[in-house]
Amino acid sequence: MSEHMGGHRRDSVMEQTGHLNSFQKALLCCKYGAMNSLERYFRWHGRLIARQPAMFIFLSVIVTIVCGLGLIGFYEESDMTALWVPKGSKLRNNVEWVQQNFPQQLRFNQVIFKADNVLTPEVLQEMFNLTVRMREVTHDNQTWQDVCFRVPVVTKPKCFDPSQLKYLSLFGKRRKRDLDNDDWFEEDFELDDLTDETYNHTDVEVDDECQDFKMPELSFSQIASLIPLAERIEKYGFTPELADEVSLNFYPEPYCSLVDHAPTVCYEESILELWANDGDFDEDSENTIVNLTTEEIIESVNTRNLSGIFLREKNFKNVLGDISYNESGHIIGAKVATLTWVGKVNLTALKQFGSVQRGDIIDKYTFDYEGAMIEVATDRNNLGKGVEIFVNIHRMLFESMEGQVFKDIGMLILGYLIVFIYVLIMLGKCDCVEQKVFLSIGGILGVAMGIIVSYGLCSAFGFFYSAAHTVMPFLLLGIGIDDMFVIVQCLNTLSEKEKSKSVEDRIGATMAHAGVAITITSVTNFIAFGIGASSSLPALRSFCVYASIGIIIIFSFQTTWFVALLAIDEYRVEAHRNGCCCCFIHSNRIKPDTQETRSPGKTAKVFKIIAEALITGPVKIGVVLSTAVLLVIGVYGMAQLKMEFRPEWLMDPAAEVTNWYFAHKEYFPSDGEGGQLYLRSVNYSENFLKLDNLINNLEEQSDIIKYVDSWHREYKKFAEEAEEVDWENITEEYFLKKLTQFLYSPRGAKYKNQFKFSSNLECGQLAPSVLVSSINYQHMGFESASEWVPAMDRVNLLVEDSNISSTLMDNNPVSTSNAVFPLAVRYSNWETDKVIGSELYQNMVSSLLAIFLTVLIFLGSLRGACIVIFCVAATIIEVAGFMHFWGLTVDVISCNTLVISIGLCVDFSAHIAHGFLSVSGDRNQRVTSTFTKIGPAVLNGGLSTMLAFILLSTSESYVCLSFFKIFFLICLFGLYHGLIALPVILAIAGPLPQVIEVGPEDVDEYALYSRYSVPESKGKTKGRSVSICREAPTGEDDDEKKG
């Protein structure tokens, strides 16, 4: 161009922007600089790709292969704490400390039997048959006896029976000694001396368990004190009370020698315990159960409470559900009964090989054995008529959650197929040459390649994948398809002059228009996800990182891979080659008339009719009122929206464990979350009374705590039964001495698993220092986060107020938090419920602010940016409000979607606003023009996004259903605000246009078209309206100037 023309333009721009203030000039210059630079770059970018499309296709494939190698590091995370709890938080530190130092060893397995009445012979026999089959499970030479959690039972000593000791025989044996010995009563008496004379006449059987049994040395006074016990055993049997007395009065010997050979049993719990004998189901038990009548069962349930397995009293109502009573309060039936088996992790194998299931702590041997248990427990072939079972083997829970990630892979494939058909219809024409089969396939393939690259990069950088990420391919597909529509539509709406140029120039012009538009949407989406990536919640952060990287990669592939394919397709069309078979050339093909090509299609005509209706006064009033009503409803629903997440929502709805969970919740509603109080490196003698107060305070919280099973309370009772104790002045030595005695007693044996010592605990010896101990408690059953979050906070507050001190002196951040802390499996989720609201609002406000600034820069109009952000905010509010009416809550899944929806909502509004600013005329004319040109593309983008998610509506997965509901609302309200509310608002109070008049010969160099620009009709002036850095006067003002 000549210097004269260039100088004229600069003078014209300066003259037309002279009246603007500094802020307006800065905005317009930012817009002009950014937009002009982007258009120039993308014009050069498009021309470069069109010259060498094969090279860019090859490079795209190479990048996909190289980055795809990062999938080697791909891993799925199902650990609730790793998903929902921020790193460095107190709760996460406590969880990690427990996993490292005191891992949970017990494995809970249960089968619920359901029938019209389970207290019948038929159902009890079914339960007994399953018990027998589970005991017979063998895997890798391991039996249930090898993997179960064993507890000692209170039974008559097997290797030493004090009832066989007779005072006269003892005295007769002593008469052989020197009766003149002054120390006769003080001399130790060796019970080995009785072997020949006494035990040869007893009924004690010497079996394998008693082969290494050796009689301890006792004083004569101790032997004499055994005689009353022998008489009580002969008269009343070996009762639990008698066992406690022996542990108190005959410790350390002979009790320690006896307890080392005391029998243990696998921990199994059921109503069948009523008919067990001496700690097991023997032949007599089997015969009894087989021959039971309904009357005998009902009588036993109402009159007996002694467990034949553990030989202690227990409340058997806890293993029955939906119990029926008669008028006198006696049980007459129950609909469910439970069979429970408790296994134990092999800690040696766990240390050697590590955990074999992510999110769970389990060794490979126990894992394999539980697999065999699943096969037996879920076998319903011989199940009686009218009997249902619900199975929960411990490993099932995590397997159910892991399976959800890839369960809907078939739905993903079908979704891609539907979108492909839609793209094929919308991109191509009913013409052998103009159809776009391979271009459509290539575009879908480009999205898939972008997903592979983004997944590979995220995996390489160590970001995990979770059930919340399941919808990611659908999201990226919708965004990628939208970019495809933009690029192809810009190609179809090129001016007559641009269409007459070479393929290289046409692709350059297309990218000059489309590149800016998809850059705006990609940048806003990236910012929305980038803000979410700053979240402290690991699952939300990982999701947003995957999404933000995915959006940038999809943008890169659509502007390289797809543009290269588009250039090749244009070369094909120019050569009249068939769209399906490129080898076939339509040499006689007649090119459609140029005027016909440029005439608006049916869709444009429909949108023009709608636009003309929108600018009428009554419709404007109706739209404003309906928008206000929707906004009010959205605000109300948003105020009612709950912050709540339940882990069971992530479970496979068809899984066995899911059915068990809901059955357990229905029939045992008062059973809440079980938790533990962990005490680490505590001086128990100094903190004994503080711990006592803490336990009392917890037990007083009857509205949130169902019970506290405290070894501390039982230890205190045990010690006080033997002697009076001044608990304020006990020494650590006294505490440890009594602790050993207590843990080896029948009463305290069950708590031994709740201690970890610095060395092995031995009966009769001072206990080693206690590294960590735990106290079990159970919450009441809660209905919502409004109940369980305050309950967790109250427990934490009670623990903090206990002021129990620790002796830890190291600098390990995991181990230097409080000496005592509460922990439960679901505390991770409850902690998330506590912070998810603030995280959501913080991310949304930050995203809206960042996107507002971005839109402000790209649009160069403060009023336009404010209107766009209003539409985006209104859409988000209405989506959140209608989530409540659709039964959704704010959780990590919906939080992810709401954050990303901000970027998607900008797409619906920013294009309209950008086009509105880029045309001249009065507001109504500009709305009509913009709506006619841009409306179809916005509608296509919304529909393609909706189609990408449509199949998720048929899923049973909570994650997929949540995404479908939220994205359906986003598309619905986004399209409403973008295509209905926004045009009306712009027609009422839209900003002035940002255009000047330049000659048609200068358009290519200085014009800043929107991506949807189409040629002006011949009836217009010779000059063209071109966006630059100023707000030009309206059409009426132009007429005045010309006049």
# chains A, B, ... in the order shown; residues from 1 in each chain; ligands from 1
$ residues_around --residues "Ile393 of chain A" --least-positions-apart "2" --cutoff "8 Å" --atoms "only C-alpha atoms" --output "PyMOL selection string"
chain A and resi 108-110+370+373-374+391+395-397+657
$ closest_atom_pairs --of "segment 831-851 of chain A" --to "segment 525-542 of chain A" --cutoff "8 Å" --atoms "only C-alpha atoms" --output "CSV"
residue,atom,partner,partner_atom,distance
A:Thr832,CA,A:Leu537,CA,7.9
A:Glu839,CA,A:Ser535,CA,6.8
A:Asn843,CA,A:Gly532,CA,5.8
A:Ser846,CA,A:Ile531,CA,6.8
A:Ser847,CA,A:Ala528,CA,5.1
A:Leu848,CA,A:Ala528,CA,7.8
A:Ala850,CA,A:Ile527,CA,7.0
A:Ile851,CA,A:Ile527,CA,6.9
$ residues_around --residues "Thr519 of chain A" --least-positions-apart "6" --cutoff "12 Å" --atoms "only C-alpha atoms" --output "ChimeraX atom specification"
/A:34-35,38-39,41-42,483,486-487,511-513,525-527,551-552,554-556,558-559,854-855,858,907,910-911,1011
$ closest_residue --among "A:Lys317, A:Arg107, A:Lys752, A:Arg92" --to "Tyr827 of chain A" --atoms "only C-alpha atoms"
A:Arg92
$ closest_residue --among "A:Ile610, A:Val447, A:Ile549, A:Met792" --to "Phe562 of chain A" --atoms "only C-alpha atoms"
A:Val447
$ closest_residue --among "A:Leu292, A:Val799, A:Ala791, A:Ala767" --to "Lys690 of chain A" --atoms "only C-alpha atoms"
A:Val799
$ atom_distance --atom1 "atom CA of Ile730 of chain A" --atom2 "atom CA of Val772 of chain A"
19.9 Å
$ residues_around --residues "Gln100 of chain A" --least-positions-apart "6" --cutoff "12 Å" --atoms "only C-alpha atoms" --output "PyMOL selection string"
chain A and resi 93-94+347+350-351+354-355+361+772+814-815
$ closest_residue --among "A:Tyr744, A:Ile507, A:Gly515, A:Thr603" --to "Ala567 of chain A" --atoms "only C-alpha atoms"
A:Ile507
$ residues_around --residues "Met643 of chain A" --least-positions-apart "5" --cutoff "6 Å" --atoms "only C-alpha atoms" --output "ChimeraX atom specification"
/A:833,889-890
$ write_last_selection --atoms "all heavy atoms" --output "short mmCIF file (atom, residue, chain, number, x, y, z; two decimals), in the first residue's frame"
data_model
loop_
_atom_site.label_atom_id
_atom_site.label_comp_id
_atom_site.auth_asym_id
_atom_site.auth_seq_id
_atom_site.Cartn_x
_atom_site.Cartn_y
_atom_site.Cartn_z
N ASP A 833 -17.12 -32.44 52.56
CA ASP A 833 -18.41 -31.76 52.66
C ASP A 833 -18.28 -30.43 53.40
O ASP A 833 -18.99 -29.47 53.12
CB ASP A 833 -19.42 -32.64 53.39
CG ASP A 833 -19.84 -33.84 52.56
OD1 ASP A 833 -19.79 -33.74 51.33
OD2 ASP A 833 -20.20 -34.88 53.14
N THR A 889 -26.60 -32.62 44.62
CA THR A 889 -25.98 -31.86 45.69
C THR A 889 -24.63 -31.33 45.21
O THR A 889 -24.15 -31.72 44.14
CB THR A 889 -25.76 -32.73 46.94
OG1 THR A 889 -24.86 -33.81 46.62
CG2 THR A 889 -27.08 -33.32 47.44
N VAL A 890 -24.04 -30.47 46.01
CA VAL A 890 -22.69 -30.00 45.69
C VAL A 890 -21.69 -31.00 46.26
O VAL A 890 -21.57 -31.17 47.47
CB VAL A 890 -22.44 -28.60 46.29
CG1 VAL A 890 -20.98 -28.20 46.08
CG2 VAL A 890 -23.34 -27.57 45.64
#
$ residues_around --residues "Gly386 of chain A" --least-positions-apart "2" --cutoff "7 Å" --atoms "only C-alpha atoms" --output "MDAnalysis selection string"
chainID A and resid 115 384 388
$ write_last_selection --atoms "N, CA and C atoms" --output "CSV table (one decimal), in the first residue's frame"
chain,number,residue,atom,x,y,z
A,115,ALA,N,-35.6,-62.7,54.5
A,115,ALA,CA,-36.8,-63.6,54.2
A,115,ALA,C,-38.0,-63.0,55.0
A,384,GLY,N,-32.4,-71.3,49.2
A,384,GLY,CA,-33.8,-71.7,49.4
A,384,GLY,C,-34.8,-70.7,48.8
A,388,GLU,N,-33.2,-64.2,50.3
A,388,GLU,CA,-32.3,-63.4,49.5
A,388,GLU,C,-31.1,-63.2,50.4
$ residues_around --residues "Glu728 of chain A" --least-positions-apart "2" --cutoff "10 Å" --atoms "only C-alpha atoms" --output "VMD selection string"
chain A and resid 685 to 689 725 to 726 730 to 731
$ atom_distance --atom1 "atom CA of Glu77 of chain A" --atom2 "atom CA of Val959 of chain A"
15.1 Å
$ closest_residue --among "A:Val61, A:Val336, A:Val342, A:Leu979" --to "Leu445 of chain A" --atoms "only C-alpha atoms"
A:Val61
$ closest_residue --among "A:Ile418, A:Ala334, A:Leu614, A:Val623" --to "Gly321 of chain A" --atoms "only C-alpha atoms"
A:Ala334
$ select_by_dssp --residues "segment 702-889 of chain A" --states "strand (DSSP E or B)" --output "VMD selection string"
chain A and resid 705 to 709 755 to 757 770 to 779 806 820 to 824
